[in-house]
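Engineer: Structure supplied as structure-v4.csv; contents: CSV, C-alpha atoms.
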```csv
chain,number,residue,atom,x,y,z
G,60,MET,CA,28.4,-159.9,56.7
G,61,THR,CA,27.2,-161.2,53.3
G,62,ASP,CA,29.5,-163.0,50.9
G,63,LYS,CA,29.8,-159.8,48.8
G,64,THR,CA,31.8,-157.3,50.8
G,65,ILE,CA,32.9,-153.9,49.6
G,66,ASN,CA,35.7,-151.7,50.8
G,67,VAL,CA,35.0,-148.2,52.1
G,68,GLN,CA,37.7,-145.8,53.2
G,69,ILE,CA,36.7,-143.7,56.2
G,70,ASN,CA,39.1,-141.0,57.4
G,71,GLY,CA,41.9,-142.8,55.5
G,72,GLN,CA,41.2,-146.3,57.0
G,73,VAL,CA,39.7,-149.0,54.9
G,74,HIS,CA,36.6,-150.8,56.4
G,75,GLN,CA,34.6,-153.6,55.0
G,76,ALA,CA,30.9,-153.1,54.5
G,77,ALA,CA,27.9,-155.0,53.0
G,78,PRO,CA,26.1,-153.5,49.9
G,79,GLY,CA,23.1,-151.5,51.0
G,80,GLU,CA,24.7,-150.3,54.3
G,81,THR,CA,24.8,-146.6,54.9
G,82,ILE,CA,27.9,-144.6,55.6
G,83,LEU,CA,26.7,-144.0,59.2
G,84,GLU,CA,26.2,-147.7,59.9
G,85,VAL,CA,29.7,-148.5,58.7
G,86,ALA,CA,31.2,-145.6,60.6
G,87,LYS,CA,29.5,-146.6,63.8
G,88,ARG,CA,30.7,-150.2,63.5
G,89,ALA,CA,34.2,-148.9,62.9
G,90,GLY,CA,34.0,-146.7,66.0
G,91,VAL,CA,34.0,-143.4,64.0
G,92,ARG,CA,31.8,-140.9,65.7
G,93,ILE,CA,29.4,-138.8,63.5
G,94,PRO,CA,27.1,-136.4,65.3
G,95,THR,CA,23.4,-137.0,64.8
G,96,LEU,CA,20.1,-135.7,66.2
G,97,CYS,CA,17.4,-137.3,64.1
G,98,TYR,CA,18.9,-140.7,63.6
G,99,HIS,CA,17.7,-143.8,65.4
G,100,GLU,CA,18.7,-147.3,64.4
G,101,ALA,CA,15.3,-148.7,65.0
G,102,LEU,CA,13.6,-146.1,62.8
G,103,GLU,CA,13.7,-145.2,59.2
G,104,SER,CA,16.3,-142.5,58.4
G,105,VAL,CA,15.0,-139.3,56.8
G,106,GLY,CA,18.0,-137.0,56.9
G,107,ALA,CA,16.1,-134.2,58.6
G,108,CYS,CA,18.8,-132.7,60.9
G,109,ARG,CA,21.6,-132.9,58.3
G,110,LEU,CA,24.2,-133.0,61.1
G,111,CYS,CA,25.6,-136.3,59.9
G,112,THR,CA,26.8,-134.7,56.7
G,113,VAL,CA,30.1,-136.1,55.5
G,114,GLU,CA,32.4,-135.5,52.6
G,115,ILE,CA,32.6,-138.2,50.0
G,116,THR,CA,34.7,-138.8,46.9
G,117,HIS,CA,35.7,-141.7,44.7
G,118,PRO,CA,38.9,-142.4,42.6
G,119,ASP,CA,36.6,-142.5,39.5
G,120,TRP,CA,35.2,-139.0,40.2
G,121,LYS,CA,38.1,-137.1,38.9
G,122,GLY,CA,38.6,-135.1,42.0
G,123,TRP,CA,34.9,-134.2,42.5
G,124,LYS,CA,33.5,-134.2,46.0
G,125,GLY,CA,30.1,-134.5,47.4
G,126,TYR,CA,28.5,-133.7,50.7
G,127,VAL,CA,25.8,-136.2,51.7
G,128,THR,CA,23.9,-137.2,54.8
G,129,SER,CA,25.6,-140.3,56.0
G,130,CYS,CA,22.4,-141.8,57.5
G,131,LEU,CA,20.9,-142.1,54.1
G,132,TYR,CA,23.8,-142.5,51.6
G,133,GLN,CA,24.6,-146.1,50.8
G,134,VAL,CA,28.2,-147.1,50.5
G,135,GLU,CA,29.7,-148.2,47.2
G,136,ASP,CA,33.0,-149.9,46.5
G,137,GLY,CA,36.0,-147.6,46.8
G,138,LEU,CA,34.1,-144.7,48.3
G,139,GLN,CA,36.3,-142.4,50.3
G,140,VAL,CA,34.6,-140.7,53.3
G,141,GLU,CA,35.9,-137.8,55.4
G,142,THR,CA,33.8,-137.4,58.5
G,143,ASP,CA,35.5,-134.4,60.2
G,144,SER,CA,37.2,-132.4,57.5
G,145,ALA,CA,37.4,-128.6,57.6
G,146,ASP,CA,34.5,-128.3,55.1
G,147,VAL,CA,32.4,-130.8,57.0
G,148,ARG,CA,33.0,-128.9,60.2
G,149,GLU,CA,32.0,-125.6,58.4
G,150,ILE,CA,28.8,-127.2,57.2
G,151,ARG,CA,27.9,-128.5,60.7
G,152,LYS,CA,28.8,-125.1,62.1
G,153,THR,CA,26.2,-123.4,59.8
G,154,LEU,CA,23.6,-126.1,60.6
G,155,LEU,CA,24.1,-125.6,64.3
G,156,ASP,CA,24.0,-121.8,63.9
G,157,LEU,CA,20.6,-122.3,62.2
G,158,LEU,CA,19.4,-124.8,64.8
G,159,LEU,CA,20.5,-122.4,67.6
G,160,ALA,CA,18.5,-119.6,65.9
G,161,ARG,CA,15.4,-121.8,66.1
G,162,CYS,CA,16.0,-123.2,69.6
G,163,PRO,CA,18.2,-120.8,71.5
G,164,LYS,CA,17.0,-122.3,74.8
G,165,SER,CA,17.8,-125.9,74.0
G,166,ASP,CA,20.7,-127.1,76.1
G,167,VAL,CA,21.3,-130.1,73.8
G,168,ILE,CA,21.8,-127.7,70.8
G,169,GLN,CA,23.8,-125.2,72.9
G,170,LYS,CA,26.2,-128.0,73.9
G,171,LEU,CA,26.6,-129.4,70.4
G,172,ALA,CA,27.0,-125.9,69.0
G,173,ALA,CA,29.7,-125.1,71.5
G,174,GLN,CA,31.6,-128.2,70.3
G,175,TYR,CA,31.7,-126.6,66.9
G,176,GLY,CA,32.6,-123.2,68.2
G,177,VAL,CA,29.2,-121.6,67.9
G,178,LYS,CA,28.5,-119.6,71.1
G,179,SER,CA,25.5,-117.8,70.0
G,180,THR,CA,23.5,-117.7,66.7
G,181,SER,CA,24.4,-115.2,64.0
G,182,PHE,CA,20.8,-115.2,62.9
G,183,LYS,CA,17.7,-113.6,64.5
G,184,GLU,CA,16.8,-115.7,67.5
G,185,ASN,CA,13.4,-117.4,67.6
G,186,GLU,CA,11.2,-115.5,70.1
G,187,ASP,CA,9.3,-118.7,70.7
G,188,ASP,CA,10.8,-120.7,73.5
G,189,THR,CA,10.4,-124.0,71.6
G,190,VAL,CA,13.2,-126.6,71.8
G,191,CYS,CA,11.7,-128.7,69.0
G,192,ILE,CA,14.0,-129.0,66.0
G,193,LEU,CA,11.3,-130.5,63.8
G,194,CYS,CA,13.3,-133.7,63.1
G,195,GLY,CA,10.2,-135.9,63.2
G,196,LEU,CA,11.7,-138.7,65.4
G,197,CYS,CA,8.5,-138.6,67.5
G,198,VAL,CA,6.3,-139.0,64.4
G,199,ARG,CA,8.4,-142.0,63.2
G,200,VAL,CA,8.4,-143.7,66.6
G,201,CYS,CA,4.7,-143.2,66.8
G,202,ALA,CA,4.3,-144.9,63.5
G,203,VAL,CA,6.5,-147.8,64.5
G,204,LYS,CA,4.5,-148.3,67.7
G,205,GLY,CA,1.5,-148.6,65.3
G,206,CYS,CA,-0.4,-145.6,66.4
G,207,HIS,CA,0.2,-142.9,63.8
G,208,ALA,CA,-1.3,-140.4,66.2
G,209,ILE,CA,0.9,-137.4,65.3
G,210,GLY,CA,2.4,-136.1,62.1
G,211,VAL,CA,4.5,-133.4,60.5
G,212,GLY,CA,2.3,-130.5,59.3
G,213,GLY,CA,2.8,-127.2,57.5
G,214,ARG,CA,5.6,-126.0,55.3
G,215,GLY,CA,8.5,-123.7,55.7
G,216,ILE,CA,8.4,-121.5,58.7
G,217,GLU,CA,5.0,-122.8,59.6
G,218,LYS,CA,6.2,-126.4,59.8
G,219,LEU,CA,5.2,-128.1,63.1
G,220,ILE,CA,4.7,-131.4,64.8
G,221,ALA,CA,0.9,-131.5,64.4
G,222,LYS,CA,-2.1,-133.1,66.1
G,223,PRO,CA,-4.9,-133.8,63.6
G,224,PHE,CA,-7.1,-130.7,63.4
G,225,ASN,CA,-5.1,-129.4,66.4
G,226,GLN,CA,-7.3,-131.5,68.7
G,227,PRO,CA,-6.0,-134.2,71.1
G,228,PRO,CA,-5.0,-137.0,68.7
G,229,PRO,CA,-7.7,-139.7,68.8
G,230,ASP,CA,-5.2,-142.5,68.1
G,231,CYS,CA,-2.8,-141.5,70.9
G,232,ILE,CA,-2.4,-144.2,73.5
G,233,GLY,CA,-0.4,-142.1,75.9
G,234,CYS,CA,2.8,-144.3,75.8
G,235,ALA,CA,5.0,-141.2,75.8
G,236,SER,CA,7.5,-142.9,73.4
G,237,CYS,CA,7.6,-139.6,71.5
G,238,ALA,CA,8.6,-137.7,74.6
G,239,HIS,CA,11.3,-140.3,75.5
G,240,ILE,CA,12.9,-140.4,72.1
G,241,CYS,CA,12.9,-136.6,71.4
G,242,PRO,CA,16.6,-135.6,71.2
G,243,THR,CA,15.9,-132.2,72.8
G,244,GLY,CA,13.1,-133.1,75.2
G,245,ALA,CA,10.6,-131.0,73.4
G,246,ILE,CA,7.4,-133.0,74.2
G,247,PRO,CA,6.0,-132.3,77.6
G,248,PHE,CA,4.2,-135.0,79.6
G,249,GLU,CA,3.4,-135.5,83.2
G,250,ASP,CA,2.1,-138.2,85.4
G,251,VAL,CA,0.0,-136.7,88.3
G,252,ASN,CA,-2.0,-138.8,90.7
G,253,GLY,CA,-2.2,-141.7,88.3
G,254,VAL,CA,-3.2,-139.6,85.3
G,255,ARG,CA,-0.9,-139.1,82.3
G,256,LYS,CA,-1.2,-135.7,80.6
G,257,ILE,CA,0.2,-135.7,77.1
G,258,TRP,CA,-0.8,-134.1,73.8
G,259,GLY,CA,-3.9,-132.5,75.5
G,260,HIS,CA,-5.2,-135.9,76.7
G,261,GLU,CA,-5.6,-137.0,80.2
G,262,PHE,CA,-5.2,-140.7,80.4
G,263,PRO,CA,-6.1,-142.6,83.6
G,264,MET,CA,-3.3,-145.0,84.4
G,265,VAL,CA,-3.4,-148.6,85.5
G,266,ARG,CA,-1.9,-149.1,88.9
G,267,CYS,CA,0.3,-151.9,90.0
G,268,GLU,CA,-1.8,-154.6,91.6
G,269,GLU,CA,0.7,-154.9,94.5
G,270,CYS,CA,2.1,-151.5,95.3
G,271,GLY,CA,-0.3,-149.2,93.6
G,272,GLU,CA,2.3,-147.3,91.6
G,273,PRO,CA,0.9,-146.1,88.2
G,274,ILE,CA,2.3,-148.2,85.4
G,275,MET,CA,0.8,-147.2,82.1
G,276,PRO,CA,-2.3,-145.6,80.6
G,277,GLU,CA,-5.3,-148.0,80.5
G,278,LYS,CA,-5.6,-147.3,76.7
G,279,GLN,CA,-2.0,-148.3,76.2
G,280,LEU,CA,-2.4,-151.5,78.2
G,281,ALA,CA,-5.3,-152.6,75.9
G,282,PHE,CA,-3.3,-151.6,72.9
G,283,GLU,CA,-0.1,-153.5,73.9
G,284,ALA,CA,-1.9,-156.6,75.1
G,285,ASN,CA,-3.8,-156.8,71.8
G,286,LYS,CA,-0.6,-156.1,69.7
G,287,ALA,CA,1.5,-158.7,71.4
G,288,SER,CA,-1.4,-161.2,71.9
G,289,LEU,CA,-0.5,-161.4,75.6
G,290,ASP,CA,-2.9,-161.5,78.5
G,291,PRO,CA,-3.5,-158.0,80.0
G,292,SER,CA,-2.3,-159.5,83.3
G,293,TYR,CA,1.3,-159.3,82.0
G,294,PHE,CA,1.1,-155.5,82.3
G,295,THR,CA,-0.7,-155.0,85.6
G,296,VAL,CA,2.3,-155.6,88.0
G,297,CYS,CA,5.3,-153.3,88.1
G,298,ALA,CA,8.8,-154.8,87.6
G,299,ALA,CA,9.8,-154.5,91.3
G,300,CYS,CA,6.6,-156.2,92.5
G,301,SER,CA,7.0,-158.9,89.8
G,302,GLN,CA,10.4,-159.8,91.2
G,303,LYS,CA,9.1,-159.8,94.8
G,304,LYS,CA,6.4,-162.2,93.6
G,305,THR,CA,9.0,-164.5,91.9
G,306,VAL,CA,11.0,-164.5,95.1
G,307,GLN,CA,7.9,-165.5,97.1
G,308,THR,CA,7.0,-168.2,94.7
G,309,ILE,CA,10.4,-169.8,94.9
G,310,LYS,CA,10.5,-169.4,98.6
G,311,THR,CA,7.1,-171.1,99.0
G,312,ALA,CA,8.4,-173.9,96.8
G,313,PHE,CA,11.4,-174.3,99.0
G,314,ASP,CA,9.3,-174.3,102.2
G,315,MET,CA,7.1,-177.0,100.8
G,316,ARG,CA,10.1,-179.1,99.9
G,317,SER,CA,11.7,-178.7,103.4
G,318,ILE,CA,8.5,-179.9,105.2
G,319,GLY,CA,8.3,-182.9,102.9
G,320,VAL,CA,5.6,-181.9,100.5
G,321,ALA,CA,7.8,-182.2,97.5
G,322,ASP,CA,9.7,-185.3,96.5
G,323,GLU,CA,13.2,-184.5,97.8
G,324,ALA,CA,14.8,-182.2,100.3
G,325,PRO,CA,16.8,-179.2,99.0
G,326,ALA,CA,20.4,-179.8,98.1
G,327,GLY,CA,22.8,-179.6,101.0
G,328,ARG,CA,20.2,-180.1,103.8
D,160,MET,CA,24.0,-178.6,74.9
D,161,GLN,CA,23.8,-175.0,75.8
D,162,LYS,CA,25.3,-174.0,79.1
D,163,THR,CA,23.0,-172.8,81.8
D,164,PHE,CA,23.1,-171.3,85.3
D,165,THR,CA,23.0,-173.8,88.1
D,166,ILE,CA,22.1,-172.2,91.4
D,167,THR,CA,22.5,-173.9,94.7
D,168,PRO,CA,20.7,-171.6,97.1
D,169,SER,CA,21.8,-173.5,100.3
D,170,ARG,CA,25.4,-172.4,99.5
D,171,CYS,CA,24.6,-168.7,99.1
D,172,THR,CA,25.7,-166.4,101.8
D,173,ALA,CA,24.1,-163.4,100.2
D,174,CYS,CA,27.5,-161.7,100.0
D,175,ARG,CA,26.4,-160.0,96.8
D,176,THR,CA,29.7,-160.5,95.0
D,177,CYS,CA,27.6,-161.5,92.0
D,178,GLU,CA,25.9,-158.1,91.9
D,179,LEU,CA,29.2,-156.3,92.2
D,180,ALA,CA,30.8,-158.4,89.5
D,181,CYS,CA,27.8,-157.7,87.2
D,182,SER,CA,28.0,-154.0,87.8
D,183,PHE,CA,31.7,-153.9,87.0
D,184,ARG,CA,31.3,-156.1,83.9
D,185,HIS,CA,28.6,-153.8,82.6
D,186,ALA,CA,30.3,-150.6,83.5
D,187,SER,CA,30.5,-147.9,80.8
D,188,ASN,CA,31.6,-144.3,80.5
D,189,GLY,CA,33.5,-144.6,83.8
D,190,LYS,CA,30.3,-145.6,85.7
D,191,MET,CA,29.3,-148.9,87.3
D,192,GLY,CA,26.4,-150.5,85.4
D,193,ILE,CA,23.1,-151.5,86.9
D,194,SER,CA,23.4,-155.1,88.2
D,195,ARG,CA,21.4,-157.6,86.1
D,196,ILE,CA,21.4,-160.1,89.0
D,197,ARG,CA,19.8,-159.7,92.4
D,198,ALA,CA,20.6,-161.6,95.7
D,199,HIS,CA,17.6,-161.8,98.0
D,200,MET,CA,18.3,-162.4,101.6
D,201,PHE,CA,16.3,-164.6,103.9
D,202,ASP,CA,17.0,-165.5,107.5
D,203,GLU,CA,17.2,-169.2,106.7
D,204,PRO,CA,19.9,-170.5,104.4
D,205,HIS,CA,17.6,-170.1,101.4
D,206,ASN,CA,19.0,-166.9,100.0
D,207,GLN,CA,17.9,-166.5,96.4
D,208,ILE,CA,19.8,-165.4,93.4
D,209,LEU,CA,17.6,-164.1,90.6
D,210,THR,CA,18.5,-163.2,87.1
D,211,CYS,CA,16.9,-163.4,83.7
D,212,PHE,CA,15.6,-166.9,82.9
D,213,GLN,CA,16.2,-166.3,79.1
D,214,CYS,CA,12.6,-167.7,78.5
D,215,ASP,CA,12.0,-169.5,75.2
D,216,GLU,CA,8.8,-167.5,74.6
D,217,ALA,CA,9.9,-164.3,76.2
D,218,ALA,CA,7.3,-161.7,77.0
D,219,CYS,CA,9.9,-159.0,76.6
D,220,VAL,CA,10.7,-160.0,73.1
D,221,MET,CA,7.0,-160.2,72.2
D,222,VAL,CA,6.2,-156.7,73.4
D,223,CYS,CA,9.2,-154.9,72.0
D,224,PRO,CA,7.9,-152.6,69.2
D,225,VAL,CA,11.3,-152.3,67.5
D,226,GLN,CA,12.8,-155.8,67.8
D,227,ALA,CA,15.5,-154.4,70.1
D,228,LEU,CA,15.6,-157.7,72.0
D,229,VAL,CA,17.2,-160.5,70.0
D,230,ARG,CA,18.3,-164.0,71.0
D,231,ASN,CA,22.0,-164.7,70.8
D,232,GLU,CA,21.9,-168.2,69.3
D,233,ALA,CA,25.4,-169.1,70.6
D,234,THR,CA,24.6,-168.5,74.2
D,235,GLY,CA,20.8,-168.6,74.2
D,236,ALA,CA,20.6,-165.2,75.9
D,237,VAL,CA,18.1,-162.6,74.9
D,238,GLU,CA,20.3,-159.5,74.4
D,239,VAL,CA,19.4,-155.8,74.2
D,240,VAL,CA,20.5,-154.1,71.0
D,241,VAL,CA,21.3,-150.8,72.8
D,242,ASP,CA,21.2,-148.7,69.6
D,243,ARG,CA,17.8,-150.0,68.6
D,244,CYS,CA,16.1,-149.6,72.0
D,245,ILE,CA,13.7,-146.6,72.0
D,246,GLY,CA,13.3,-146.6,75.8
D,247,CYS,CA,9.6,-147.2,76.0
D,248,GLY,CA,10.1,-149.5,79.1
D,249,LEU,CA,7.4,-152.0,78.0
D,250,CYS,CA,9.7,-155.0,78.4
D,251,SER,CA,10.4,-154.3,82.0
D,252,ILE,CA,6.7,-154.2,82.7
D,253,ALA,CA,5.8,-157.2,80.6
D,254,CYS,CA,8.4,-159.5,82.2
D,255,PRO,CA,6.3,-161.7,84.5
D,256,PHE,CA,9.4,-162.3,86.8
D,257,GLY,CA,10.5,-158.7,87.1
D,258,HIS,CA,14.0,-159.4,85.8
D,259,MET,CA,14.3,-156.4,83.5
D,260,THR,CA,14.9,-152.8,84.3
D,261,HIS,CA,16.2,-149.8,82.4
D,262,GLU,CA,18.8,-147.1,82.7
D,263,VAL,CA,17.7,-144.1,84.7
D,264,ASP,CA,18.6,-141.4,82.3
D,265,SER,CA,18.6,-143.0,78.8
D,266,ARG,CA,15.8,-145.4,79.6
D,267,ILE,CA,17.6,-148.1,77.6
D,268,ALA,CA,16.5,-151.6,78.6
D,269,VAL,CA,18.9,-153.5,80.9
D,270,LYS,CA,18.9,-157.3,81.2
D,271,CYS,CA,21.2,-160.2,81.7
D,272,ASP,CA,23.1,-161.1,78.5
D,273,LEU,CA,25.1,-163.9,80.1
D,274,CYS,CA,28.2,-161.7,79.4
D,275,GLY,CA,28.3,-163.2,75.9
D,276,GLY,CA,28.9,-166.7,77.3
D,277,ASP,CA,31.3,-166.0,80.2
D,278,PRO,CA,29.1,-164.6,83.1
D,279,ALA,CA,31.2,-162.6,85.6
D,280,CYS,CA,28.8,-163.4,88.4
D,281,ALA,CA,29.5,-167.1,88.2
D,282,ALA,CA,33.2,-166.5,87.8
D,283,PHE,CA,33.4,-164.4,91.0
D,284,CYS,CA,31.0,-166.4,93.2
D,285,PRO,CA,33.1,-167.4,96.2
D,286,THR,CA,30.9,-170.3,97.4
D,287,LYS,CA,30.1,-171.8,94.0
D,288,THR,CA,26.4,-171.0,94.5
D,289,LEU,CA,26.3,-169.8,90.9
D,290,GLU,CA,27.8,-172.1,88.4
D,291,TYR,CA,27.6,-171.8,84.6
D,292,LYS,CA,28.0,-175.1,83.1
```
Would you mind writing the file's structure down as structure tokens?
Structural biologist:
Amino acid sequence: MTDKTINVQINGQVHQAAPGETILEVAKRAGVRIPTLCYHEALESVGACRLCTVEITHPDWKGWKGYVTSCLYQVEDGLQVETDSADVREIRKTLLDLLLARCPKSDVIQKLAAQYGVKSTSFKENEDDTVCILCGLCVRVCAVKGCHAIGVGGRGIEKLIAKPFNQPPPDCIGCASCAHICPTGAIPFEDVNGVRKIWGHEFPMVRCEECGEPIMPEKQLAFEANKASLDPSYFTVCAACSQKKTVQTIKTAFDMRSIGVADEAPAGR
Amino acid sequence: MQKTFTITPSRCTACRTCELACSFRHASNGKMGISRIRAHMFDEPHNQILTCFQCDEAACVMVCPVQALVRNEATGAVEVVVDRCIGCGLCSIACPFGHMTHEVDSRIAVKCDLCGGDPACAAFCPTKTLEYK
């Protein structure tokens, strides 16, 4: 914490925070749970899902209240936050009702909605069986990886996670980070016979030099080795085989010592 | 000087208490954690205990796209910032020694963090194979 700390009241308890921190960051540190879908600490917050909405007020605001997304709102001294008041629950209920209308088949949304007492949506259900809530986490993680292969396209009801010109994205390296980070598991990918199928691409995968298990797409290997300035050989052995190799190396070293190749005998022998 | 693991393989009986201690120390949500340490058995008294070497120029740190692996200056351990990890699994592939793995469901990276300076494996080792000094 910096030298300048400010006091924020969350659910009646005073917590210390640094200027520039968001309400969500302070709440997480304090152990106060706020539901989120589109938030990830490693990525820029955009407030897309709105689920982290909280109620704020301040002694200087003459009783006025505000409802803000806690992942974006920066704390100020004396701020009073309610993370689970009746109004906040009502807002989240409406949000989940809407999300459930868009993704009636998503079990993540169903579970979250059930926590707020929403069994089924009061709106017209989406006929599409999509589970994408359009939060854009995949787009942000792709940008952080340095690929910028996918983007958010369209407006309003036509909004979608888009591939450029609806073709397999030329910048995609097949790392599947987008699929792993998606809160609802909406991005399909599969590894079949050493080929990764994602976003309409079919990437041949590098196989482990030892056991032959597919590790990652060849295109990703070239990308990662270049990005981290590491030799490509760092990525050609799977974790299990790397450990076996380490064990063998150490064992060989021991064997050499016990037959007198090395300077001294191993301890205890 | 920073403390470090001292391993005396000739004392190891491969009882795997270290693995168990590690699993218990890293338990969460009522489940045992993945052991960050591995005992490898050999027929001769050269059983090996392997865990993260906490490399100075660590490949895992170099490849992480979101800086989720940071060194704890107090203990010298490279630690996973769980909330930052995006689960890409690159670190476990890049580690030349195979000391990293990840959770099965969440894909969060898993590695030895020296238990914040008091490793459970060393504390529970019955034969003093593992010492942290």
Engineer: Please compute the CA of Gly248 in chain D-CA of Cys211 in chain D distance, one decimal, in Å.
Structural biologist: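 Spanning CA of Gly248 in chain D to CA of Cys211 in chain D is a straight-line distance of 16.1 Å.
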Engineer: So that each row is one residue of chain D with an atom at most 7 Å from chain G, can you give its shortest atom pair and the distance in Å to one decimal, using all atoms listed in the file, rows by chain and rising number, as a tab-separated table?
Structural biologist:
```
residue	atom	partner	partner_atom	distance
D:Ser169	CA	G:Gly327	CA	6.2
D:Met221	CA	G:Ala287	CA	5.8
D:Val222	CA	G:Ala287	CA	5.5
D:Pro224	CA	G:Lys204	CA	5.7
D:Val225	CA	G:Ala101	CA	5.9
D:Asp242	CA	G:Glu100	CA	5.9
D:Arg243	CA	G:Ala101	CA	4.6
D:Ile245	CA	G:Ile240	CA	6.3
D:Gly246	CA	G:His239	CA	6.6
D:Cys247	CA	G:Ser236	CA	5.4
D:Ser251	CA	G:Ala298	CA	5.8
D:Ile252	CA	G:Ala298	CA	5.4
D:Ala253	CA	G:Tyr293	CA	5.2
D:Pro255	CA	G:Ser301	CA	6.0
D:Phe256	CA	G:Ser301	CA	5.1
D:Gly257	CA	G:Gln302	CA	4.2
D:His258	CA	G:Gln302	CA	6.5
```
Engineer: With distances taken over only C-alpha atoms, which of G:Val167, G:Leu157, G:Pro228, G:Ile69 is nearest to Thr142 in chain G?
Structural biologist: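 Closest to Thr142 in chain G of all the choices is G:Ile69.
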Engineer: Counting only C-alpha atoms, I want the residues whose atoms come within 12 Å of (23.4, -168.1, 90.4) in the file frame, returned as number ranges by chain.
Structural biologist: D: 163-173, 175-178, 181, 195-199, 206-212, 271, 273, 278-292
Engineer: If I put a ball of radius 10 Å at (14.0, -122.1, 71.0) in the file's coordinates, which residues poke into it when counting all atoms listed in the file, written as a PyMOL selection string?
Structural biologist: chain G and resi 158-166+168+184-192+245
Engineer: What is the CA of Ala145 in chain G to CA of Pro242 in chain G distance in Å?
Structural biologist: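 These atoms are spaced 25.8 Å apart.
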Engineer: I'd like the neighbourhood of Cys250 in chain D as a ChimeraX atom specification, where a residue qualifies if any of its atoms comes within 9 Å (using only C-alpha atoms), though same-chain residues fewer than 6 positions away should be ignored.
Structural biologist: /D:218-223,259-260,268
Engineer: Considering only C-alpha atoms, state which residue in the set D:Cys174, D:Asp272, D:Ala227, D:Ile193 is at the smallest distance from Cys244 in chain D.
Structural biologist: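 Using only C-alpha atoms, Cys244 in chain D sits closest to D:Ala227.
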Engineer: Show which residues sit within 12 Å of Lys87 in chain G, as a ChimeraX atom specification. Count only C-alpha atoms, and ignore same-chain residues fewer than 5 positions away.
Structural biologist: /G:69,74,76,80-82,92-95,100,111,129-130,142 /D:242
Engineer: Quick one: distance from CA of Cys97 in chain G to CA of Cys194 in chain G in Å, one decimal?
Structural biologist: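 Pair CA of Cys97 in chain G / CA of Cys194 in chain G returns 5.5 Å.
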